[in-house]
Amino acid sequence: MNIPPGKVIALLPMKANSERVKGKNFRDFNGKPLFRWILDTLLSVTEIDQVVINTDARDILASNGLVDTDRVSIRDRKPEICGDFVSMNSVLADDIANVAASTYLMTHTTNPLMSAETIRSALMAFNQARSQGQADSLFTVDKVQTRFYRADCSAVNHDPDNLIRTQDLEPWFEENSNLYIFTQESFAATSARIGKKPMMFEGARFESIDIDDQQDWDFAVVAARYMQEMNRSAA
């Protein structure tokens, strides 16, 4: 496949059905469908050449005013990679095999609060690390410094008999599923969006809300309203 030099493609997979929050991708979220939040953010990042939406919901997207444009390409998901139990890597593999790019950026509709600045910063960090041979992929994380326990109440990462301040504990990093950056080569090496030589990128904790269930949805609605109010106050 002929890969245009420097071309950045954002992959935004989107399915019609969702188990825990019915129809969440298209449900109204503070004034517009949930999918529009991250899509509008991606389109505001000029470094991204095109957003590719792999979906089984072309008709639903059309009813919400979204059709193919010069920067949005809607790909109909193949029947064999539809369903709730299909690995996301299978969907991404289909996109990569059909849409050439030097860099792929992948995110979800369920990350409505991620900012354009975070995306730009992550792209810049990845490009620099990649050019220096330090990384072949990037994924976003939340840094956690707190006390963890197993189900039997045994301590995981601290000594209960010698408590130290939580800020002095060894930091752990949680993959937050907000953003992945990778190449065709790194994906081929692992058949996954995290390659053989990944780097972590810590974004703003406020932006890392990922909507999996109704409780996440309710929390994200409140957070988005707060963000909108802060933006209005700053204007």
# chains A, B, ... in the order shown; residues from 1 in each chain; ligands from 1
call {"tool": "select_by_dssp", "arguments": {"residues": "chain A", "states": "alpha helix (DSSP H)", "output": "NGL selection string"}}
result
:A and (34-44 or 58-63 or 88-98 or 116-131 or 184-190 or 214-234)
call {"tool": "residues_around", "arguments": {"residues": "Asp212 in chain A", "least_positions_apart": "3", "cutoff": "12 Å", "atoms": "only C-alpha atoms", "output": "JSON, numbers by chain"}}
result
{"A": [18, 19, 20, 21, 22, 23, 24, 25, 108, 109, 110, 111, 176, 177, 209, 215, 216, 217, 218, 219, 220]}
call {"tool": "closest_residue", "arguments": {"among": "A:Leu12, A:Leu163, A:Ala189, A:Leu113", "to": "Phe206 in chain A", "atoms": "only C-alpha atoms"}}
result
A:Leu113
call {"tool": "select_by_dssp", "arguments": {"residues": "range 117-204 of chain A", "states": "strand (DSSP E)", "output": "VMD selection string"}}
result
chain A and resid 137 to 144 172 to 182 198 to 202
call {"tool": "closest_residue", "arguments": {"among": "A:Asn231, A:Thr140, A:Gln50, A:Asn127", "to": "Thr69 in chain A", "atoms": "only C-alpha atoms"}}
result
A:Gln50
call {"tool": "residues_around", "arguments": {"residues": "Pro160 in chain A", "least_positions_apart": "4", "cutoff": "12 Å", "atoms": "only C-alpha atoms", "output": "MDAnalysis selection string"}}
result
chainID A and resid 147:149 153:156 164:165
call {"tool": "write_last_selection", "arguments": {"atoms": "C-alpha atoms", "output": "tab-separated table (two decimals), in the first residue's frame"}}
result
chain	number	residue	atom	x	y	z
A	147	ARG	CA	-3.46	2.28	48.21
A	148	PHE	CA	-4.69	-0.84	46.46
A	149	TYR	CA	-5.97	-4.08	48.03
A	153	CYS	CA	-7.89	-7.40	51.87
A	154	SER	CA	-4.15	-8.03	51.42
A	155	ALA	CA	-2.19	-4.95	50.38
A	156	VAL	CA	-0.98	-4.70	46.79
A	164	ILE	CA	3.64	6.46	53.94
A	165	ARG	CA	1.90	9.40	52.32
call {"tool": "closest_residue", "arguments": {"among": "A:Pro79, A:Val144, A:Lys196, A:Asn30", "to": "Met227 in chain A", "atoms": "only C-alpha atoms"}}
result
A:Asn30
call {"tool": "atom_distance", "arguments": {"atom1": "CA of Met199 in chain A", "atom2": "CA of Ser131 in chain A"}}
result
13.2 Å
call {"tool": "residues_around", "arguments": {"residues": "Ser186 in chain A", "least_positions_apart": "6", "cutoff": "7 Å", "atoms": "only C-alpha atoms", "output": "list in words"}}
result
Asp136, Ser137, Gly195 and Lys196 of chain A
call {"tool": "residues_around", "arguments": {"residues": "Lys78 in chain A", "least_positions_apart": "6", "cutoff": "12 Å", "atoms": "only C-alpha atoms", "output": "NGL selection string"}}
result
:A and (15 or 54-57 or 86 or 90-95)
call {"tool": "residues_around", "arguments": {"residues": "Thr46 in chain A", "least_positions_apart": "5", "cutoff": "10 Å", "atoms": "only C-alpha atoms", "output": "list in words"}}
result
Val8, Ala116 and Arg120 of chain A
call {"tool": "atom_distance", "arguments": {"atom1": "CA of Pro198 in chain A", "atom2": "CA of Phe173 in chain A"}}
result
13.4 Å
call {"tool": "closest_residue", "arguments": {"among": "A:Ala234, A:Leu66, A:Val99, A:Ile9", "to": "Phe35 in chain A", "atoms": "only C-alpha atoms"}}
result
A:Leu66
